[in-house]
Amino acid sequence: MLWNGFECVEFEFEEYPAQVILPKIKKEKANLLVKTEYFGAFPETEIALLERGYYLCFIENDNRWGTDADLDRKARFIKFVAEKYNLSQKCIPVGMSCGGLIAVKLAAEYPELISCLYIDAPVINYMSCPCGFGRGNSLGADNTEILNALGLETIGELMAYRDMPLDRLPSLIENRIPVIMVAGDSDMTVPYDENGLFLERAYRKTDIDFAVYIKAGCDHHPHGLENPEPVIDFIEKHSF
């Protein structure tokens, strides 16, 4: 099977659908990209890196809110793929929107598996997304999706929840995880000033390698940069 012209290996890992996309260029100890959610969406950067010898993988999640079972399974999956294909033990999570929150929580929980993060319009603050308590749009009137995923019953419980990506930022800083982030300044689904800006402020207080690209007039979509070279350069700089 082919995915955008590259060989795609489909299989089940711990009974969850999984995929590994193989580059045409074979390099010793190549690097692994991990799409954390929405596999196949806005793949231009992944395709460009596949062309440079990177591998790409994905495993299905139970939900899109970064729950422990998904994070733990994903970590085991990353180790499995790295060993099977003789790849670097440190991967690059690629997270867009809710995939960004999964990437942040994965890196905070398993920093030893991460070389850097590429996140795009990441959900950092659940009060903003999905709740829409700020200037953005709510993802649902009653937030049933996230409450069920987190095992909560009321919005009051969610307001007191202390395992949002926002709460995981100190771990990224402590473990000096480099981050490149892209976002639109007109995003009404995941407003930057209520989400990504928190991460930017945390990183600006450090000397950890960090880059942010804000797209003027861009809403939540499209993700990515029209010219992905700055993201590619950042990832290659931190690949080992």
# chains A, B, ... in the order shown; residues from 1 in each chain; ligands from 1
>>> closest_atom_pairs(of="range 69-106 of chain A", to="range 29-49 of chain A", cutoff="7 Å", atoms="only C-alpha atoms", output="Markdown table")
| residue | atom | partner | partner_atom | distance |
| --- | --- | --- | --- | --- |
| A:Asn86 | CA | A:Lys29 | CA | 5.9 |
| A:Leu87 | CA | A:Lys29 | CA | 4.6 |
| A:Ser88 | CA | A:Lys29 | CA | 5.3 |
| A:Cys91 | CA | A:Leu32 | CA | 4.9 |
| A:Ile92 | CA | A:Leu33 | CA | 4.8 |
| A:Pro93 | CA | A:Val34 | CA | 4.6 |
| A:Val94 | CA | A:Lys35 | CA | 4.8 |
| A:Gly95 | CA | A:Thr36 | CA | 5.4 |
| A:Gly99 | CA | A:Glu37 | CA | 4.6 |
| A:Ile102 | CA | A:Thr36 | CA | 6.3 |
| A:Ala103 | CA | A:Thr36 | CA | 6.3 |
>>> select_by_dssp(residues="range 133-189 of chain A", states="alpha helix (DSSP H)", output="list in words")
Thr144, Glu145, Ile146, Leu147, Asn148, Ala149, Leu150, Ile155, Gly156, Glu157, Leu158, Met159, Pro165, Leu166, Asp167, Arg168, Leu169, Pro170, Ser171, Leu172, Ile173 and Glu174 of chain A
>>> closest_residue(among="A:Ala141, A:Met181, A:Leu199, A:Leu147", to="Arg168 in chain A", atoms="only C-alpha atoms")
A:Leu199
>>> residues_around(residues="range 126-128 of chain A", least_positions_apart="6", cutoff="7 Å", atoms="only C-alpha atoms", output="VMD selection string")
chain A and resid 134 136 164 190 194
>>> closest_residue(among="A:Leu166, A:Leu158, A:Ala121, A:Ala216", to="Cys98 in chain A", atoms="only C-alpha atoms")
A:Ala121
>>> residues_around(residues="Leu225 in chain A", least_positions_apart="6", cutoff="10 Å", atoms="only C-alpha atoms", output="MDAnalysis selection string")
chainID A and resid 42 44:45 120 182:183 213:215 231
>>> write_last_selection(atoms="all heavy atoms", output="PDB file, in the first residue's frame")
ATOM      1  N   PHE A  42      -2.989  17.713   6.472  1.00  0.00           N
ATOM      2  CA  PHE A  42      -1.936  18.713   6.224  1.00  0.00           C
ATOM      3  C   PHE A  42      -0.548  18.063   6.307  1.00  0.00           C
ATOM      4  O   PHE A  42       0.272  18.422   7.155  1.00  0.00           O
ATOM      5  CB  PHE A  42      -2.063  19.865   7.211  1.00  0.00           C
ATOM      6  CG  PHE A  42      -3.407  20.518   7.192  1.00  0.00           C
ATOM      7  CD1 PHE A  42      -4.386  20.178   8.117  1.00  0.00           C
ATOM      8  CD2 PHE A  42      -3.722  21.469   6.227  1.00  0.00           C
ATOM      9  CE1 PHE A  42      -5.644  20.775   8.093  1.00  0.00           C
ATOM     10  CE2 PHE A  42      -4.980  22.065   6.185  1.00  0.00           C
ATOM     11  CZ  PHE A  42      -5.947  21.720   7.119  1.00  0.00           C
ATOM     12  N   GLU A  44       2.165  18.071   4.408  1.00  0.00           N
ATOM     13  CA  GLU A  44       3.264  18.575   3.567  1.00  0.00           C
ATOM     14  C   GLU A  44       4.629  18.477   4.253  1.00  0.00           C
ATOM     15  O   GLU A  44       5.630  18.094   3.630  1.00  0.00           O
ATOM     16  CB  GLU A  44       2.983  20.017   3.149  1.00  0.00           C
ATOM     17  CG  GLU A  44       1.815  20.182   2.190  1.00  0.00           C
ATOM     18  CD  GLU A  44       0.449  20.096   2.854  1.00  0.00           C
ATOM     19  OE1 GLU A  44       0.379  20.141   4.112  1.00  0.00           O
ATOM     20  OE2 GLU A  44      -0.557  19.971   2.128  1.00  0.00           O
ATOM     21  N   THR A  45       4.685  18.824   5.529  1.00  0.00           N
ATOM     22  CA  THR A  45       5.970  18.777   6.231  1.00  0.00           C
ATOM     23  C   THR A  45       6.439  17.341   6.406  1.00  0.00           C
ATOM     24  O   THR A  45       7.632  17.039   6.215  1.00  0.00           O
ATOM     25  CB  THR A  45       5.859  19.462   7.606  1.00  0.00           C
ATOM     26  OG1 THR A  45       5.447  20.821   7.415  1.00  0.00           O
ATOM     27  CG2 THR A  45       7.192  19.450   8.331  1.00  0.00           C
ATOM     28  N   ASP A 120       1.306  22.661  16.044  1.00  0.00           N
ATOM     29  CA  ASP A 120       0.641  23.643  15.193  1.00  0.00           C
ATOM     30  C   ASP A 120      -0.743  23.913  15.766  1.00  0.00           C
ATOM     31  O   ASP A 120      -1.548  23.003  15.905  1.00  0.00           O
ATOM     32  CB  ASP A 120       0.531  23.071  13.771  1.00  0.00           C
ATOM     33  CG  ASP A 120       0.088  24.116  12.755  1.00  0.00           C
ATOM     34  OD1 ASP A 120      -0.972  24.721  12.968  1.00  0.00           O
ATOM     35  OD2 ASP A 120       0.802  24.306  11.758  1.00  0.00           O
ATOM     36  N   VAL A 182       3.646  26.672  15.208  1.00  0.00           N
ATOM     37  CA  VAL A 182       3.007  27.462  14.164  1.00  0.00           C
ATOM     38  C   VAL A 182       1.566  27.707  14.592  1.00  0.00           C
ATOM     39  O   VAL A 182       0.933  26.834  15.197  1.00  0.00           O
ATOM     40  CB  VAL A 182       3.047  26.725  12.808  1.00  0.00           C
ATOM     41  CG1 VAL A 182       2.293  27.501  11.734  1.00  0.00           C
ATOM     42  CG2 VAL A 182       4.487  26.471  12.383  1.00  0.00           C
ATOM     43  N   ALA A 183       1.044  28.888  14.315  1.00  0.00           N
ATOM     44  CA  ALA A 183      -0.348  29.186  14.663  1.00  0.00           C
ATOM     45  C   ALA A 183      -0.846  30.351  13.824  1.00  0.00           C
ATOM     46  O   ALA A 183      -0.062  31.138  13.289  1.00  0.00           O
ATOM     47  CB  ALA A 183      -0.473  29.511  16.152  1.00  0.00           C
ATOM     48  N   TYR A 213       6.033  30.698  14.628  1.00  0.00           N
ATOM     49  CA  TYR A 213       5.627  31.369  13.396  1.00  0.00           C
ATOM     50  C   TYR A 213       4.130  31.628  13.471  1.00  0.00           C
ATOM     51  O   TYR A 213       3.329  30.688  13.523  1.00  0.00           O
ATOM     52  CB  TYR A 213       5.962  30.501  12.173  1.00  0.00           C
ATOM     53  CG  TYR A 213       7.447  30.382  11.940  1.00  0.00           C
ATOM     54  CD1 TYR A 213       8.205  29.434  12.627  1.00  0.00           C
ATOM     55  CD2 TYR A 213       8.100  31.246  11.067  1.00  0.00           C
ATOM     56  CE1 TYR A 213       9.568  29.334  12.436  1.00  0.00           C
ATOM     57  CE2 TYR A 213       9.472  31.158  10.870  1.00  0.00           C
ATOM     58  CZ  TYR A 213      10.199  30.196  11.561  1.00  0.00           C
ATOM     59  OH  TYR A 213      11.550  30.122  11.378  1.00  0.00           O
ATOM     60  N   ILE A 214       3.755  32.909  13.502  1.00  0.00           N
ATOM     61  CA  ILE A 214       2.354  33.307  13.574  1.00  0.00           C
ATOM     62  C   ILE A 214       1.907  33.764  12.190  1.00  0.00           C
ATOM     63  O   ILE A 214       2.498  34.687  11.618  1.00  0.00           O
ATOM     64  CB  ILE A 214       2.148  34.434  14.606  1.00  0.00           C
ATOM     65  CG1 ILE A 214       2.677  34.003  15.983  1.00  0.00           C
ATOM     66  CG2 ILE A 214       0.673  34.807  14.679  1.00  0.00           C
ATOM     67  CD1 ILE A 214       1.981  32.789  16.567  1.00  0.00           C
ATOM     68  N   LYS A 215       0.862  33.142  11.681  1.00  0.00           N
ATOM     69  CA  LYS A 215       0.384  33.432  10.329  1.00  0.00           C
ATOM     70  C   LYS A 215      -0.707  34.502  10.385  1.00  0.00           C
ATOM     71  O   LYS A 215      -1.762  34.300  10.995  1.00  0.00           O
ATOM     72  CB  LYS A 215      -0.148  32.151   9.683  1.00  0.00           C
ATOM     73  CG  LYS A 215       0.926  31.076   9.528  1.00  0.00           C
ATOM     74  CD  LYS A 215       0.378  29.817   8.883  1.00  0.00           C
ATOM     75  CE  LYS A 215      -0.564  29.080   9.818  1.00  0.00           C
ATOM     76  NZ  LYS A 215      -1.028  27.788   9.227  1.00  0.00           N
ATOM     77  N   VAL A 231      10.417  24.824   9.476  1.00  0.00           N
ATOM     78  CA  VAL A 231      10.095  23.700  10.353  1.00  0.00           C
ATOM     79  C   VAL A 231      11.050  22.540  10.084  1.00  0.00           C
ATOM     80  O   VAL A 231      11.573  21.921  11.018  1.00  0.00           O
ATOM     81  CB  VAL A 231       8.630  23.253  10.148  1.00  0.00           C
ATOM     82  CG1 VAL A 231       8.325  22.017  10.982  1.00  0.00           C
ATOM     83  CG2 VAL A 231       7.671  24.385  10.502  1.00  0.00           C
TER      84      VAL A 231
END
>>> atom_distance(atom1="CA of Pro130 in chain A", atom2="CA of Glu145 in chain A")
9.1 Å
>>> select_by_dssp(residues="range 158-231 of chain A", states="strand (DSSP E)", output="PyMOL selection string")
chain A and resi 179-184+210-215
>>> residues_around(residues="Tyr203 in chain A", least_positions_apart="2", cutoff="12 Å", atoms="only C-alpha atoms", output="PyMOL selection string")
chain A and resi 169-181+196-201+205-212
>>> write_last_selection(atoms="N, CA and C atoms", output="mmCIF file, in the first residue's frame")
data_model
loop_
_atom_site.group_PDB
_atom_site.id
_atom_site.type_symbol
_atom_site.label_atom_id
_atom_site.label_comp_id
_atom_site.auth_asym_id
_atom_site.auth_seq_id
_atom_site.Cartn_x
_atom_site.Cartn_y
_atom_site.Cartn_z
ATOM 1 N N LEU A 169 3.700 22.123 31.074
ATOM 2 C CA LEU A 169 4.783 22.949 30.528
ATOM 3 C C LEU A 169 6.045 22.928 31.388
ATOM 4 N N PRO A 170 5.943 22.950 32.729
ATOM 5 C CA PRO A 170 7.175 22.894 33.523
ATOM 6 C C PRO A 170 8.036 21.672 33.226
ATOM 7 N N SER A 171 7.418 20.550 32.892
ATOM 8 C CA SER A 171 8.194 19.361 32.556
ATOM 9 C C SER A 171 8.947 19.536 31.247
ATOM 10 N N LEU A 172 8.317 20.187 30.260
ATOM 11 C CA LEU A 172 9.035 20.464 29.010
ATOM 12 C C LEU A 172 10.250 21.336 29.266
ATOM 13 N N ILE A 173 10.073 22.342 30.111
ATOM 14 C CA ILE A 173 11.181 23.246 30.443
ATOM 15 C C ILE A 173 12.272 22.506 31.206
ATOM 16 N N GLU A 174 11.873 21.750 32.212
ATOM 17 C CA GLU A 174 12.841 21.012 33.025
ATOM 18 C C GLU A 174 13.677 20.072 32.171
ATOM 19 N N ASN A 175 13.053 19.454 31.168
ATOM 20 C CA ASN A 175 13.752 18.496 30.319
ATOM 21 C C ASN A 175 14.309 19.121 29.046
ATOM 22 N N ARG A 176 14.183 20.436 28.931
ATOM 23 C CA ARG A 176 14.796 21.206 27.849
ATOM 24 C C ARG A 176 14.422 20.648 26.466
ATOM 25 N N ILE A 177 13.132 20.473 26.258
ATOM 26 C CA ILE A 177 12.637 19.970 24.983
ATOM 27 C C ILE A 177 12.521 21.123 23.988
ATOM 28 N N PRO A 178 13.276 21.117 22.889
ATOM 29 C CA PRO A 178 13.124 22.175 21.884
ATOM 30 C C PRO A 178 11.741 22.106 21.236
ATOM 31 N N VAL A 179 11.188 23.269 20.904
ATOM 32 C CA VAL A 179 9.840 23.335 20.337
ATOM 33 C C VAL A 179 9.806 24.333 19.182
ATOM 34 N N ILE A 180 9.173 23.914 18.089
ATOM 35 C CA ILE A 180 8.808 24.849 17.040
ATOM 36 C C ILE A 180 7.286 24.821 16.930
ATOM 37 N N MET A 181 6.686 26.012 16.897
ATOM 38 C CA MET A 181 5.236 26.128 16.935
ATOM 39 C C MET A 181 4.760 27.057 15.827
ATOM 40 N N GLY A 196 -1.345 28.688 22.709
ATOM 41 C CA GLY A 196 0.082 28.667 22.408
ATOM 42 C C GLY A 196 0.887 29.747 23.086
ATOM 43 N N LEU A 197 0.271 30.888 23.347
ATOM 44 C CA LEU A 197 0.994 31.989 23.975
ATOM 45 C C LEU A 197 1.523 31.607 25.354
ATOM 46 N N PHE A 198 0.806 30.754 26.073
ATOM 47 C CA PHE A 198 1.297 30.306 27.379
ATOM 48 C C PHE A 198 2.615 29.556 27.234
ATOM 49 N N LEU A 199 2.692 28.706 26.222
ATOM 50 C CA LEU A 199 3.939 27.977 25.974
ATOM 51 C C LEU A 199 5.035 28.934 25.540
ATOM 52 N N GLU A 200 4.699 29.868 24.656
ATOM 53 C CA GLU A 200 5.702 30.835 24.210
ATOM 54 C C GLU A 200 6.267 31.622 25.384
ATOM 55 N N ARG A 201 5.420 32.104 26.267
ATOM 56 C CA ARG A 201 5.891 32.877 27.418
ATOM 57 C C ARG A 201 6.793 32.045 28.314
ATOM 58 N N LYS A 205 11.374 32.678 28.704
ATOM 59 C CA LYS A 205 12.103 32.896 29.954
ATOM 60 C C LYS A 205 13.336 32.001 30.067
ATOM 61 N N THR A 206 13.571 31.164 29.063
ATOM 62 C CA THR A 206 14.673 30.208 29.098
ATOM 63 C C THR A 206 15.591 30.421 27.898
ATOM 64 N N ASP A 207 16.666 29.635 27.871
ATOM 65 C CA ASP A 207 17.543 29.633 26.699
ATOM 66 C C ASP A 207 17.344 28.382 25.852
ATOM 67 N N ILE A 208 16.243 27.663 26.071
ATOM 68 C CA ILE A 208 15.929 26.464 25.294
ATOM 69 C C ILE A 208 15.560 26.886 23.876
ATOM 70 N N ASP A 209 16.009 26.105 22.902
ATOM 71 C CA ASP A 209 15.732 26.447 21.511
ATOM 72 C C ASP A 209 14.223 26.411 21.263
ATOM 73 N N PHE A 210 13.708 27.530 20.766
ATOM 74 C CA PHE A 210 12.275 27.691 20.562
ATOM 75 C C PHE A 210 12.058 28.619 19.383
ATOM 76 N N ALA A 211 11.082 28.270 18.553
ATOM 77 C CA ALA A 211 10.721 29.140 17.421
ATOM 78 C C ALA A 211 9.210 29.139 17.273
ATOM 79 N N VAL A 212 8.664 30.286 16.900
ATOM 80 C CA VAL A 212 7.223 30.387 16.684
ATOM 81 C C VAL A 212 6.973 31.180 15.413
#
